[in-house]
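Undergrad: Structure file protein-v8.cif (mmCIF, C-alpha atoms) right here:
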data_upload
loop_
_atom_site.label_atom_id
_atom_site.label_comp_id
_atom_site.auth_asym_id
_atom_site.auth_seq_id
_atom_site.Cartn_x
_atom_site.Cartn_y
_atom_site.Cartn_z
CA MET A 1 113.32 91.89 134.29
CA SER A 2 109.76 92.53 135.38
CA SER A 3 107.65 90.20 133.27
CA ALA A 4 104.15 89.10 132.40
CA ASP A 5 103.70 85.50 131.31
CA GLY A 6 99.92 85.16 131.46
CA LYS A 7 97.26 85.39 128.76
CA VAL A 8 96.81 88.74 127.02
CA PRO A 9 93.17 89.88 126.61
CA GLN A 10 91.77 89.42 123.11
CA ARG A 11 90.70 93.06 122.87
CA GLU A 12 94.29 94.12 123.55
CA LYS A 13 95.61 91.86 120.79
CA ILE A 14 93.07 93.39 118.40
CA ALA A 15 94.07 96.91 119.45
CA TYR A 16 97.73 96.03 118.84
CA GLY A 17 96.89 94.64 115.41
CA ILE A 18 94.92 97.72 114.37
CA GLY A 19 98.10 99.79 114.67
CA CYS A 20 99.44 98.05 111.58
CA LEU A 21 96.42 98.83 109.38
CA GLY A 22 97.07 102.45 108.41
CA GLN A 23 100.84 102.04 108.39
CA ASN A 24 100.64 99.19 105.88
CA MET A 25 98.23 101.18 103.72
CA ILE A 26 100.58 104.13 103.40
CA TYR A 27 103.68 101.92 103.02
CA THR A 28 101.95 100.02 100.20
CA TYR A 29 100.98 103.34 98.60
CA PHE A 30 104.62 104.45 98.62
CA GLY A 31 105.95 101.12 97.42
CA THR A 32 103.50 100.94 94.52
CA PHE A 33 103.16 104.54 93.33
CA LEU A 34 106.10 106.71 94.44
CA LEU A 35 108.50 105.66 91.67
CA TYR A 36 105.77 106.22 89.07
CA PHE A 37 104.98 109.62 90.62
CA TYR A 38 108.66 110.62 90.56
CA THR A 39 109.19 109.70 86.90
CA GLU A 40 105.81 110.57 85.35
CA ILE A 41 104.57 113.57 87.37
CA PHE A 42 107.40 114.98 89.49
CA GLY A 43 109.81 114.93 86.55
CA LEU A 44 112.79 112.87 87.72
CA LEU A 45 114.71 110.73 85.26
CA PRO A 46 114.29 106.99 86.01
CA ALA A 47 118.02 106.62 86.74
CA ALA A 48 117.96 109.53 89.21
CA ALA A 49 114.90 108.09 90.94
CA GLY A 50 116.56 104.67 91.17
CA ILE A 51 119.73 106.14 92.70
CA LEU A 52 117.58 108.06 95.21
CA LEU A 53 115.90 104.84 96.39
CA LEU A 54 119.30 103.13 96.69
CA VAL A 55 120.85 105.99 98.71
CA ALA A 56 117.85 105.92 101.06
CA ARG A 57 118.43 102.21 101.73
CA ILE A 58 122.12 102.85 102.48
CA TRP A 59 121.13 105.53 104.99
CA ASP A 60 118.65 103.11 106.56
CA ALA A 61 121.57 100.83 107.48
CA VAL A 62 122.74 103.63 109.80
CA ASN A 63 119.44 105.21 110.74
CA ASP A 64 117.52 102.10 111.82
CA PRO A 65 120.00 100.90 114.49
CA MET A 66 120.31 104.52 115.70
CA MET A 67 116.56 104.59 116.20
CA GLY A 68 116.74 101.26 118.02
CA VAL A 69 119.25 102.65 120.52
CA LEU A 70 117.14 105.79 120.99
CA VAL A 71 114.07 103.66 121.75
CA ASP A 72 116.05 101.58 124.25
CA ARG A 73 117.13 104.77 126.05
CA THR A 74 113.54 106.04 126.31
CA LYS A 75 111.83 106.17 129.70
CA THR A 76 108.54 108.03 130.11
CA ARG A 77 105.37 107.82 132.15
CA TRP A 78 103.75 106.22 129.08
CA GLY A 79 106.44 103.54 128.86
CA LYS A 80 109.29 102.83 126.51
CA PHE A 81 107.49 102.39 123.17
CA ARG A 82 104.02 103.94 123.38
CA PRO A 83 105.16 107.61 123.20
CA TYR A 84 106.43 107.05 119.66
CA LEU A 85 103.03 105.74 118.62
CA LEU A 86 101.45 108.94 119.90
CA PHE A 87 103.68 111.50 118.16
CA SER A 88 105.47 109.96 115.15
CA PRO A 89 102.31 109.26 113.05
CA ILE A 90 101.57 113.01 112.89
CA PHE A 91 104.91 113.69 111.19
CA PHE A 92 104.44 110.49 109.17
CA ALA A 93 101.30 111.94 107.57
CA ILE A 94 102.82 115.38 106.94
CA ILE A 95 105.98 114.03 105.29
CA ALA A 96 103.91 111.62 103.18
CA VAL A 97 101.98 114.55 101.68
CA LEU A 98 105.24 116.45 101.04
CA CYS A 99 106.68 113.44 99.20
CA PHE A 100 103.76 113.55 96.77
CA SER A 101 104.07 117.30 96.18
CA VAL A 102 105.73 119.09 93.26
CA PRO A 103 107.53 122.30 94.35
CA PRO A 104 108.15 125.12 91.82
CA PHE A 105 111.91 124.49 91.78
CA SER A 106 114.51 123.89 89.08
CA ALA A 107 115.40 120.33 88.09
CA ALA A 108 118.32 120.34 90.56
CA GLY A 109 116.13 121.85 93.28
CA LYS A 110 113.47 119.21 92.73
CA LEU A 111 116.05 116.46 93.05
CA VAL A 112 117.30 117.88 96.36
CA TYR A 113 113.70 118.22 97.55
CA ALA A 114 112.98 114.59 96.63
CA TYR A 115 116.07 113.40 98.53
CA ILE A 116 115.17 115.38 101.66
CA THR A 117 111.49 114.41 101.78
CA TYR A 118 111.96 110.73 100.92
CA ILE A 119 114.80 110.20 103.39
CA LEU A 120 112.77 112.02 106.05
CA PHE A 121 109.84 109.73 105.29
CA GLY A 122 112.06 106.68 105.81
CA MET A 123 113.30 108.08 109.13
CA ILE A 124 109.79 108.86 110.39
CA TYR A 125 108.60 105.44 109.24
CA THR A 126 111.41 103.89 111.27
CA ALA A 127 110.47 106.04 114.28
CA SER A 128 107.04 104.43 114.31
CA ASP A 129 107.84 100.94 113.03
CA VAL A 130 110.71 100.03 115.37
CA PRO A 131 108.87 100.84 118.64
CA TYR A 132 105.62 99.35 117.32
CA TRP A 133 107.11 95.91 116.64
CA ALA A 134 109.48 96.08 119.62
CA MET A 135 106.45 96.51 121.87
CA SER A 136 105.39 92.94 120.98
CA GLY A 137 108.25 91.79 123.20
CA ALA A 138 107.04 93.97 126.07
CA ILE A 139 103.42 92.77 126.13
CA THR A 140 104.33 89.27 127.37
CA VAL A 141 107.29 86.87 127.61
CA ASP A 142 105.15 83.82 126.85
CA ALA A 143 106.42 82.38 123.54
CA GLN A 144 103.04 81.01 122.39
CA GLU A 145 101.20 84.20 123.34
CA ARG A 146 103.69 86.17 121.25
CA ASN A 147 102.72 84.07 118.21
CA SER A 148 99.09 84.94 118.84
CA ILE A 149 99.83 88.64 119.41
CA VAL A 150 101.94 89.02 116.27
CA MET A 151 99.30 87.22 114.21
CA PHE A 152 96.91 90.17 114.61
CA PRO A 153 99.05 92.95 113.05
CA ARG A 154 100.13 90.59 110.26
CA PHE A 155 96.50 89.73 109.54
CA VAL A 156 95.23 93.32 109.78
CA GLY A 157 98.28 94.65 107.94
CA THR A 158 97.64 92.28 105.04
CA ILE A 159 94.09 93.59 104.79
CA GLY A 160 95.44 97.14 104.82
CA ALA A 161 97.93 96.38 102.06
CA ALA A 162 95.20 94.69 99.99
CA VAL A 163 92.85 97.65 100.41
CA ALA A 164 95.62 100.06 99.40
CA THR A 165 96.56 97.92 96.39
CA ILE A 166 93.00 97.81 95.11
CA GLY A 167 91.72 101.20 96.27
CA THR A 168 94.57 103.65 95.69
CA LEU A 169 93.92 104.44 92.03
CA PRO A 170 90.18 105.05 92.60
CA LEU A 171 91.11 107.39 95.48
CA ILE A 172 93.61 109.30 93.33
CA TYR A 173 90.99 109.70 90.59
CA LEU A 174 88.33 110.76 93.12
CA PHE A 175 90.50 113.46 94.71
CA ARG A 176 91.73 114.58 91.28
CA ASP A 177 88.16 115.08 90.11
CA LEU A 178 87.22 116.89 93.33
CA THR A 179 90.06 119.38 92.72
CA ASN A 180 89.11 120.14 89.12
CA GLY A 181 91.48 117.68 87.51
CA ASN A 182 94.55 118.49 89.65
CA VAL A 183 96.60 115.29 89.36
CA VAL A 184 99.15 116.29 92.01
CA ALA A 185 96.35 117.08 94.46
CA GLY A 186 94.96 113.61 93.79
CA TYR A 187 98.21 112.07 95.00
CA GLN A 188 98.59 114.51 97.92
CA LEU A 189 95.08 113.99 99.25
CA THR A 190 95.43 110.21 98.93
CA ALA A 191 98.61 110.43 101.05
CA ALA A 192 96.74 112.62 103.56
CA PHE A 193 93.85 110.14 103.65
CA PHE A 194 96.13 107.19 104.43
CA GLY A 195 98.08 109.38 106.88
CA LEU A 196 94.96 110.22 108.89
CA ILE A 197 94.03 106.54 109.06
CA THR A 198 97.55 105.80 110.32
CA ILE A 199 97.23 108.40 113.09
CA GLY A 200 93.87 106.97 114.21
CA CYS A 201 95.12 103.36 114.19
CA PHE A 202 98.24 104.12 116.22
CA LEU A 203 96.15 106.06 118.76
CA ILE A 204 94.05 102.93 119.33
CA THR A 205 97.23 100.93 119.98
CA PHE A 206 98.58 103.67 122.27
CA PHE A 207 95.48 103.80 124.47
CA PHE A 208 94.57 100.11 124.67
CA VAL A 209 97.88 98.16 124.71
CA LYS A 210 100.02 97.79 127.84
CA GLU A 211 103.77 97.41 128.25
CA ARG A 212 104.10 94.72 130.92
CA VAL A 213 107.69 93.50 130.50
CA THR A 214 110.31 95.93 131.75
CA SER A 215 113.97 95.84 132.62
CA THR A 216 115.30 96.76 136.04
CA ASN A 217 118.77 97.34 134.59
CA LYS A 218 119.84 100.95 135.15
CA LYS A 219 122.52 100.98 132.46
CA LYS A 220 121.63 103.13 129.46
CA ALA A 221 121.73 101.69 125.96
CA SER A 222 124.80 102.78 123.98
CA TRP A 223 126.41 102.16 120.61
CA SER A 224 128.07 99.05 122.05
CA THR A 225 124.51 97.77 122.48
CA ILE A 226 124.25 97.36 118.71
CA SER A 227 127.15 94.92 118.63
CA GLU A 228 125.97 92.94 121.64
CA ALA A 229 122.27 92.90 120.73
CA ILE A 230 122.69 92.17 117.01
CA PHE A 231 126.07 90.87 115.90
CA LYS A 232 126.72 88.72 118.98
CA ASN A 233 123.14 87.43 118.96
CA LYS A 234 123.33 84.10 117.09
CA PRO A 235 119.57 83.35 117.03
CA LEU A 236 118.83 86.85 115.74
CA MET A 237 121.47 86.66 113.00
CA ILE A 238 120.01 83.35 111.79
CA VAL A 239 116.48 84.83 111.75
CA ILE A 240 117.75 87.88 109.81
CA ILE A 241 119.58 85.80 107.18
CA SER A 242 116.75 83.31 106.80
CA GLY A 243 114.19 86.15 106.83
CA PHE A 244 116.06 87.89 104.03
CA PHE A 245 115.86 84.81 101.79
CA SER A 246 112.22 84.20 102.72
CA GLY A 247 111.42 87.86 102.03
CA VAL A 248 113.13 87.73 98.64
CA ALA A 249 111.09 84.62 97.76
CA GLN A 250 107.81 86.35 98.57
CA THR A 251 108.66 89.78 97.17
CA ALA A 252 110.12 88.37 93.95
CA LYS A 253 106.90 86.49 93.23
CA LEU A 254 104.75 89.58 93.78
CA GLN A 255 107.00 91.93 91.81
CA ALA A 256 107.53 89.56 88.88
CA LEU A 257 103.85 88.64 88.70
CA ILE A 258 102.88 91.97 87.10
CA TYR A 259 105.24 91.26 84.17
CA TYR A 260 104.01 87.66 84.06
CA ALA A 261 100.40 88.75 83.80
CA ALA A 262 101.10 91.45 81.20
CA TYR A 263 103.30 89.40 78.88
CA ASN A 264 102.95 85.66 79.55
CA LEU A 265 99.21 85.80 80.28
CA GLN A 266 98.75 88.85 77.99
CA SER A 267 96.53 90.78 80.40
CA GLU A 268 97.64 93.21 83.14
CA ALA A 269 94.15 92.87 84.66
CA LEU A 270 94.95 89.27 85.58
CA TYR A 271 97.54 90.59 88.05
CA THR A 272 94.79 92.14 90.18
CA LEU A 273 92.78 88.93 89.85
CA LEU A 274 95.71 86.73 90.92
CA VAL A 275 96.52 88.97 93.89
CA GLY A 276 92.86 89.21 94.89
CA ILE A 277 92.37 85.44 94.82
CA ASN A 278 95.52 84.96 96.89
CA ILE A 279 94.53 87.24 99.77
CA PRO A 280 92.04 84.87 101.51
CA PHE A 281 94.59 82.04 101.45
CA LEU A 282 97.28 84.37 102.80
CA LEU A 283 94.99 85.42 105.67
CA ILE A 284 94.07 81.79 106.46
CA GLY A 285 97.76 80.90 106.73
CA ILE A 286 98.38 83.81 109.09
CA MET A 287 95.40 82.91 111.30
CA LEU A 288 96.56 79.30 111.63
CA VAL A 289 100.06 80.16 112.89
CA PRO A 290 99.20 79.63 116.61
CA PHE A 291 97.60 76.27 115.72
CA PHE A 292 100.69 75.06 113.85
CA THR A 293 103.28 76.39 116.30
CA LYS A 294 101.62 74.60 119.22
CA ARG A 295 102.19 71.32 117.36
CA LEU A 296 105.38 71.89 115.37
CA GLY A 297 107.03 74.74 117.28
CA LYS A 298 108.10 78.01 115.69
CA LYS A 299 111.14 76.56 113.95
CA GLY A 300 109.27 73.55 112.56
CA THR A 301 106.36 75.66 111.32
CA TYR A 302 108.69 78.21 109.71
CA ILE A 303 110.60 75.46 107.88
CA ALA A 304 107.41 73.70 106.79
CA ALA A 305 105.96 76.95 105.39
CA ASN A 306 109.07 77.64 103.33
CA ILE A 307 109.07 74.07 101.98
CA ILE A 308 105.40 74.40 100.97
CA TYR A 309 106.18 77.72 99.27
CA ALA A 310 109.14 76.14 97.46
CA VAL A 311 107.00 73.20 96.29
CA SER A 312 104.30 75.58 95.03
CA SER A 313 106.97 77.51 93.12
CA ILE A 314 108.25 74.35 91.43
CA GLY A 315 104.68 73.34 90.63
CA PHE A 316 104.14 76.79 89.11
CA PHE A 317 107.29 76.37 87.00
CA LEU A 318 106.45 72.88 85.74
CA SER A 319 102.89 73.93 84.79
CA GLY A 320 103.99 76.47 82.20
CA TRP A 321 101.72 79.45 81.51
CA ASN A 322 99.09 78.01 79.19
CA ASN A 323 96.84 76.56 81.90
CA PHE A 324 95.52 79.47 83.96
CA THR A 325 93.54 77.25 86.36
CA VAL A 326 96.63 75.28 87.37
CA ILE A 327 98.60 78.52 87.81
CA VAL A 328 95.92 79.85 90.15
CA ILE A 329 95.94 76.63 92.21
CA TRP A 330 99.72 76.69 92.73
CA ASN A 331 99.56 80.41 93.47
CA CYS A 332 96.92 79.86 96.17
CA ILE A 333 98.99 77.09 97.78
CA GLY A 334 101.98 79.42 97.84
CA SER A 335 99.89 82.25 99.28
CA PHE A 336 98.76 80.03 102.15
CA ALA A 337 102.40 79.53 103.13
CA MET A 338 103.55 83.08 102.31
CA GLY A 339 102.41 84.93 105.45
CA ILE A 340 103.40 82.26 108.00
CA PRO A 341 107.16 83.07 108.11
CA LEU A 342 106.39 86.78 108.62
CA VAL A 343 104.45 86.08 111.82
CA ILE A 344 106.96 83.59 113.19
CA GLN A 345 109.95 85.74 112.23
CA THR A 346 108.64 88.63 114.35
CA SER A 347 107.92 86.30 117.28
CA MET A 348 111.39 84.74 117.00
CA ILE A 349 113.02 88.18 117.02
CA ALA A 350 111.09 88.98 120.20
CA ASP A 351 112.38 85.76 121.81
CA THR A 352 115.99 86.80 121.20
CA ILE A 353 115.44 89.81 123.48
CA GLU A 354 115.52 87.55 126.56
CA TYR A 355 118.43 85.58 125.05
CA VAL A 356 120.55 88.75 124.93
CA GLU A 357 119.28 89.99 128.28
CA LEU A 358 120.52 86.78 129.92
CA LYS A 359 123.97 87.21 128.35
CA THR A 360 124.46 90.96 128.77
CA GLY A 361 122.01 92.10 131.44
CA GLU A 362 120.52 94.63 128.98
CA ARG A 363 117.02 94.50 127.51
CA SER A 364 117.38 95.94 123.98
CA GLU A 365 113.99 95.60 122.27
CA GLY A 366 114.41 98.71 120.12
CA THR A 367 117.88 97.82 118.86
CA ILE A 368 116.89 94.24 118.12
CA PHE A 369 113.66 95.14 116.31
CA SER A 370 115.41 97.80 114.23
CA THR A 371 116.81 94.83 112.30
CA GLN A 372 113.30 93.83 111.22
CA THR A 373 112.53 97.34 109.94
CA PHE A 374 115.80 97.46 108.01
CA LEU A 375 115.30 93.91 106.74
CA ALA A 376 111.91 94.80 105.22
CA LYS A 377 113.38 97.80 103.40
CA LEU A 378 116.50 95.92 102.28
CA THR A 379 114.51 92.96 100.99
CA ALA A 380 112.25 95.18 98.86
CA ALA A 381 115.19 97.15 97.43
CA ALA A 382 117.39 94.10 96.78
CA THR A 383 114.58 92.17 95.11
CA SER A 384 113.62 95.10 92.88
CA GLY A 385 117.24 95.51 91.81
CA LEU A 386 117.70 91.78 91.19
CA ILE A 387 114.56 91.48 89.07
CA GLY A 388 115.57 94.57 87.10
CA VAL A 389 118.99 93.06 86.36
CA LEU A 390 117.50 89.68 85.41
CA LEU A 391 114.98 91.29 83.04
CA ALA A 392 117.80 93.26 81.40
CA ILE A 393 119.86 90.07 80.96
CA LEU A 394 116.85 88.36 79.40
CA GLY A 395 116.56 91.14 76.83
CA PHE A 396 113.19 92.34 78.09
CA LYS A 397 111.87 95.54 76.44
CA ALA A 398 108.99 97.38 78.08
CA GLY A 399 105.86 97.68 75.97
CA ALA A 400 107.20 95.46 73.20
CA THR A 401 106.16 91.99 72.07
CA GLN A 402 108.48 89.60 73.90
CA SER A 403 110.27 86.68 72.28
CA GLN A 404 109.62 83.12 73.45
CA SER A 405 112.97 83.04 75.25
CA VAL A 406 112.10 86.23 77.17
CA LEU A 407 108.69 84.82 78.12
CA GLN A 408 110.38 81.66 79.34
CA GLY A 409 112.82 83.80 81.32
CA ILE A 410 109.98 85.75 82.97
CA HIS A 411 108.36 82.42 83.86
CA GLN A 412 111.62 81.25 85.45
CA VAL A 413 112.09 84.49 87.41
CA THR A 414 108.50 84.26 88.72
CA SER A 415 108.88 80.64 89.83
CA LEU A 416 112.52 79.52 90.22
CA LEU A 417 113.80 82.64 92.01
CA PRO A 418 111.18 82.16 94.80
CA PHE A 419 111.99 78.42 94.86
CA PHE A 420 115.73 78.84 95.45
CA ALA A 421 115.25 81.70 97.91
CA SER A 422 112.74 79.63 99.94
CA MET A 423 115.13 76.69 100.05
CA LEU A 424 117.93 78.94 101.33
CA ALA A 425 115.54 80.27 103.99
CA PHE A 426 114.67 76.72 105.06
CA ILE A 427 118.31 75.54 105.14
CA THR A 428 119.45 78.56 107.17
CA MET A 429 116.67 78.11 109.72
CA LEU A 430 117.91 74.57 110.46
CA LEU A 431 120.70 76.26 112.46
CA TYR A 432 118.29 78.22 114.72
CA PRO A 433 119.04 77.14 118.34
CA LEU A 434 116.29 78.76 120.41
CA SER A 435 113.37 76.36 120.95
CA GLU A 436 110.29 77.24 123.00
CA LYS A 437 111.60 75.03 125.81
CA GLU A 438 114.99 76.76 125.76
CA HIS A 439 113.34 80.18 125.75
CA ALA A 440 111.18 79.25 128.75
CA LYS A 441 114.35 78.25 130.65
CA ILE A 442 115.93 81.63 129.84
CA VAL A 443 112.84 83.51 131.06
CA GLN A 444 112.83 81.47 134.29
CA GLU A 445 116.54 82.13 134.88
CA LEU A 446 116.02 85.88 134.38
CA GLU A 447 113.17 85.84 136.89
CA ASP A 448 115.26 83.84 139.38
CA ARG A 449 118.08 86.40 139.04
CA GLN A 450 115.64 89.22 139.72
CA MET A 451 114.29 87.49 142.83
CA ILE A 452 117.85 87.16 144.18
CA LYS A 453 118.48 90.89 143.54
CA ASP A 454 115.21 91.85 145.26
#
Here is the file; what I need is its structure written in the form of structure tokens.

TA:
Amino acid sequence: MSSADGKVPQREKIAYGIGCLGQNMIYTYFGTFLLYFYTEIFGLLPAAAGILLLVARIWDAVNDPMMGVLVDRTKTRWGKFRPYLLFSPIFFAIIAVLCFSVPPFSAAGKLVYAYITYILFGMIYTASDVPYWAMSGAITVDAQERNSIVMFPRFVGTIGAAVATIGTLPLIYLFRDLTNGNVVAGYQLTAAFFGLITIGCFLITFFFVKERVTSTNKKKASWSTISEAIFKNKPLMIVIISGFFSGVAQTAKLQALIYYAAYNLQSEALYTLLVGINIPFLLIGIMLVPFFTKRLGKKGTYIAANIIYAVSSIGFFLSGWNNFTVIVIWNCIGSFAMGIPLVIQTSMIADTIEYVELKTGERSEGTIFSTQTFLAKLTAAATSGLIGVLLAILGFKAGATQSQSVLQGIHQVTSLLPFFASMLAFITMLLYPLSEKEHAKIVQELEDRQMIKD
């Protein structure tokens, strides 16, 4: 292993973070509007659209590790990860526009078209996301510096997601009006707009971020790499399991909140208000990650954040829904803790790269970080499905006046589901074995081995 353990220039951290801006914008656009586009404009039945999203997630379980192995086998004059940031965003933008297009096909033809374009979008997204996050492990091996580096894309990405959440509908309306009321063109041009931003952001990362940590191992990554890098990697498996529960806690709150605002608070507009108020607290939490990890360590900070989020969820539950001010306070406390595990989770995943390298002699950044890409997709899909099932069990009926028992059920889903998921995330993380001190020993041993070889 050829490594870099010094400080990374601030401008390079910023350039790395900017790469996440456009990507998060377009991912938020898809997550928020694609299902609506499919059912209301494209013409798919809701059940067919739901099955499509499920099939895509099943394919991701195969596709994402495949992409990880491909990245680990890559060797170019630009490095291992940077080439993907140069070329994949171009296809990313093109496929995004195709997903929001309506071809003149039959119903069966449209369904096939939707399958092809959406699955292609997921594959191209993976082709940019896996190398982008894997590169965080190649910028430096210093555990604290990794926290600082990862903080930037999480911070910038949150801003991108917020801008997309608030600005997408105005953009769709603007482009629709500019094309003489063409609704489909409104969606297409919005996808193209976010796609162009994504290309520009990744180019900044490509040109201004360096890959410093390299492996001197000549052995090529293979399918056996997946087993060794993922399933035999105890720290990584713990991060994945805990990250799944933490992700469910956060996603469930955000997805259930729209129903909570519309029915319990009787105003959909309050959803935008609640989300908007939360964003500054979310960003503050992300910015303070390096401060907390220097004092509590990654594991301690991760656990503390999940406990705070769990406490805020219980406070939300006990407050009921008749006191809006109290709801906002608990929501802001939860938002402060919400982004912290995301930063630390990525940094922890990067630390397991050296853990596996010590055991196997192979440096498998792409394979290891493919788990994070798949985890994000799986969490979103699993949470959406779970909330849908829970609402059905409650007897929820869209657009209708809900009974008191249904309102109470929505309140419980919005608060207790995040509480229990956060507690499971905290309990699982107690088993995580890789402290900063232990990681530093591993890095030193790898460097000593390399000196002996040289």

Undergrad: Taking all atoms listed in the file into account, which of A:Phe292, A:Phe369, A:Phe426, A:Trp59 comes nearest Ala350 (chain A)?

TA: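 Comparing A:Phe292, A:Phe369, A:Phe426, A:Trp59 against Ala350 (chain A), the winner is A:Phe369.
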
Undergrad: Considering all atoms listed in the file, can you say which of A:Leu342, A:Val130, A:Leu53, A:Ile159 comes closest to Gly247 (chain A)?

TA: A:Leu342

Undergrad: Select, from A:Leu375, A:Ala269, A:Met123, A:Val413, the residue with the minimum atom-to-atom distance to Leu390 (chain A), counting all atoms listed in the file.

TA: A:Val413

Undergrad: Find, counting only C-alpha atoms, the residue in A:Val356, A:Thr32, A:Ile307, A:Gly395 that gets nearest to Phe231 (chain A).

TA: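 Of A:Val356, A:Thr32, A:Ile307, A:Gly395, the one nearest Phe231 (chain A) is A:Val356, counting only C-alpha atoms.
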
Undergrad: Excluding region 345-348 of chain A and its own-chain neighbours fewer than 4 positions away, which residues fall within 7 Å of it when counting only C-alpha atoms? Please give them as a PyMOL selection string.

TA: chain A and resi 146-147+150+239+243+341+352

Undergrad: Calculated over all atoms listed in the file, which of the candidates A:Ile51, A:Ser246, A:Gly334, A:Ile308 has the smallest distance to Asn278 (chain A)?

TA: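 The answer is A:Gly334, which sits nearest to Asn278 (chain A).
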
Undergrad: With only C-alpha atoms as the atoms that count, which of A:Leu120, A:Val248, A:Ala440, A:Leu257 lies nearest to Ala380 (chain A)?

TA: A:Val248

Undergrad: Residues at most 7 Å from region 202-217 of chain A, counting all atoms listed in the file, excluding those fewer than 4 positions away in the same chain, as a ChimeraX atom specification?

TA: /A:1-4,12,15-16,18-19,79,82,85-86,135,138-140,198,361-363

Undergrad: Taking the file as shown, what set of residues would the PyMOL selection byres ((chain A and resi 325-327) around 12) give back, as JSON, numbers by chain?

TA: {"A": [257, 260, 261, 264, 265, 270, 274, 277, 278, 312, 313, 314, 315, 316, 317, 318, 319, 320, 321, 322, 323, 324, 328, 329, 330, 331, 332, 333, 334, 411, 414, 415]}

Undergrad: At most 12 Å from (107.1, 107.3, 93.0), file frame, all atoms listed in the file: which residues, as JSON, numbers by chain?

TA: {"A": [27, 28, 29, 30, 31, 32, 33, 34, 35, 36, 37, 38, 39, 40, 41, 42, 43, 44, 45, 46, 48, 49, 50, 52, 53, 96, 99, 100, 101, 102, 114, 118, 187]}

Undergrad: Include C-alpha atoms and write out the residues we just selected as an mmCIF file, in the frame of the given file.

TA:
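Everything below was put into out_39.cif:
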data_model
loop_
_atom_site.group_PDB
_atom_site.id
_atom_site.type_symbol
_atom_site.label_atom_id
_atom_site.label_comp_id
_atom_site.auth_asym_id
_atom_site.auth_seq_id
_atom_site.Cartn_x
_atom_site.Cartn_y
_atom_site.Cartn_z
ATOM 1 C CA TYR A 27 103.680 101.920 103.020
ATOM 2 C CA THR A 28 101.950 100.020 100.200
ATOM 3 C CA TYR A 29 100.980 103.340 98.600
ATOM 4 C CA PHE A 30 104.620 104.450 98.620
ATOM 5 C CA GLY A 31 105.950 101.120 97.420
ATOM 6 C CA THR A 32 103.500 100.940 94.520
ATOM 7 C CA PHE A 33 103.160 104.540 93.330
ATOM 8 C CA LEU A 34 106.100 106.710 94.440
ATOM 9 C CA LEU A 35 108.500 105.660 91.670
ATOM 10 C CA TYR A 36 105.770 106.220 89.070
ATOM 11 C CA PHE A 37 104.980 109.620 90.620
ATOM 12 C CA TYR A 38 108.660 110.620 90.560
ATOM 13 C CA THR A 39 109.190 109.700 86.900
ATOM 14 C CA GLU A 40 105.810 110.570 85.350
ATOM 15 C CA ILE A 41 104.570 113.570 87.370
ATOM 16 C CA PHE A 42 107.400 114.980 89.490
ATOM 17 C CA GLY A 43 109.810 114.930 86.550
ATOM 18 C CA LEU A 44 112.790 112.870 87.720
ATOM 19 C CA LEU A 45 114.710 110.730 85.260
ATOM 20 C CA PRO A 46 114.290 106.990 86.010
ATOM 21 C CA ALA A 48 117.960 109.530 89.210
ATOM 22 C CA ALA A 49 114.900 108.090 90.940
ATOM 23 C CA GLY A 50 116.560 104.670 91.170
ATOM 24 C CA LEU A 52 117.580 108.060 95.210
ATOM 25 C CA LEU A 53 115.900 104.840 96.390
ATOM 26 C CA ALA A 96 103.910 111.620 103.180
ATOM 27 C CA CYS A 99 106.680 113.440 99.200
ATOM 28 C CA PHE A 100 103.760 113.550 96.770
ATOM 29 C CA SER A 101 104.070 117.300 96.180
ATOM 30 C CA VAL A 102 105.730 119.090 93.260
ATOM 31 C CA ALA A 114 112.980 114.590 96.630
ATOM 32 C CA TYR A 118 111.960 110.730 100.920
ATOM 33 C CA TYR A 187 98.210 112.070 95.000
#

Undergrad: Hey, can you pull every residue with an atom no more than 12 Å from (120.1, 93.0, 122.0), using all atoms listed in the file, and send it as a PyMOL selection string?

TA: chain A and resi 65+68-69+72+134+137+221-237+349-371

Undergrad: So that I can check the surroundings of Ile284 (chain A), please list as a PyMOL selection string every protein, DNA and RNA residue that reaches within 9 Å of it, counting only C-alpha atoms and ignoring chain neighbours fewer than 3 positions away.

TA: chain A and resi 155+279-281+287-289+336+339

Undergrad: Using C-alpha atoms, can you write the selected residues to a file as a PDB file, in the frame of the given file?

TA:
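Wrote it out as selection.pdb, contents follow:
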ATOM      1  CA  PHE A 155      96.500  89.730 109.540  1.00  0.00           C
ATOM      2  CA  ILE A 279      94.530  87.240  99.770  1.00  0.00           C
ATOM      3  CA  PRO A 280      92.040  84.870 101.510  1.00  0.00           C
ATOM      4  CA  PHE A 281      94.590  82.040 101.450  1.00  0.00           C
ATOM      5  CA  MET A 287      95.400  82.910 111.300  1.00  0.00           C
ATOM      6  CA  LEU A 288      96.560  79.300 111.630  1.00  0.00           C
ATOM      7  CA  VAL A 289     100.060  80.160 112.890  1.00  0.00           C
ATOM      8  CA  PHE A 336      98.760  80.030 102.150  1.00  0.00           C
ATOM      9  CA  GLY A 339     102.410  84.930 105.450  1.00  0.00           C
TER      10      GLY A 339
END

Undergrad: Could you tell me how far CA of Asn24 (chain A) sits from CA of Val97 (chain A), in Å to one decimal place?

TA: 16.0 Å

Undergrad: Under the PyMOL selection byres ((chain A and resi 165) around 9), which residues of this model are included? Write them out as a ChimeraX atom specification.

TA: /A:25,28-29,32,160-164,166-169,272

Undergrad: Pull out every residue that the PyMOL selection byres ((chain A and resi 439) around 10) matches in the shown coordinates and put them as JSON, numbers by chain.

TA: {"A": [141, 142, 143, 351, 352, 354, 355, 433, 434, 435, 436, 437, 438, 440, 441, 442, 443, 444, 445]}
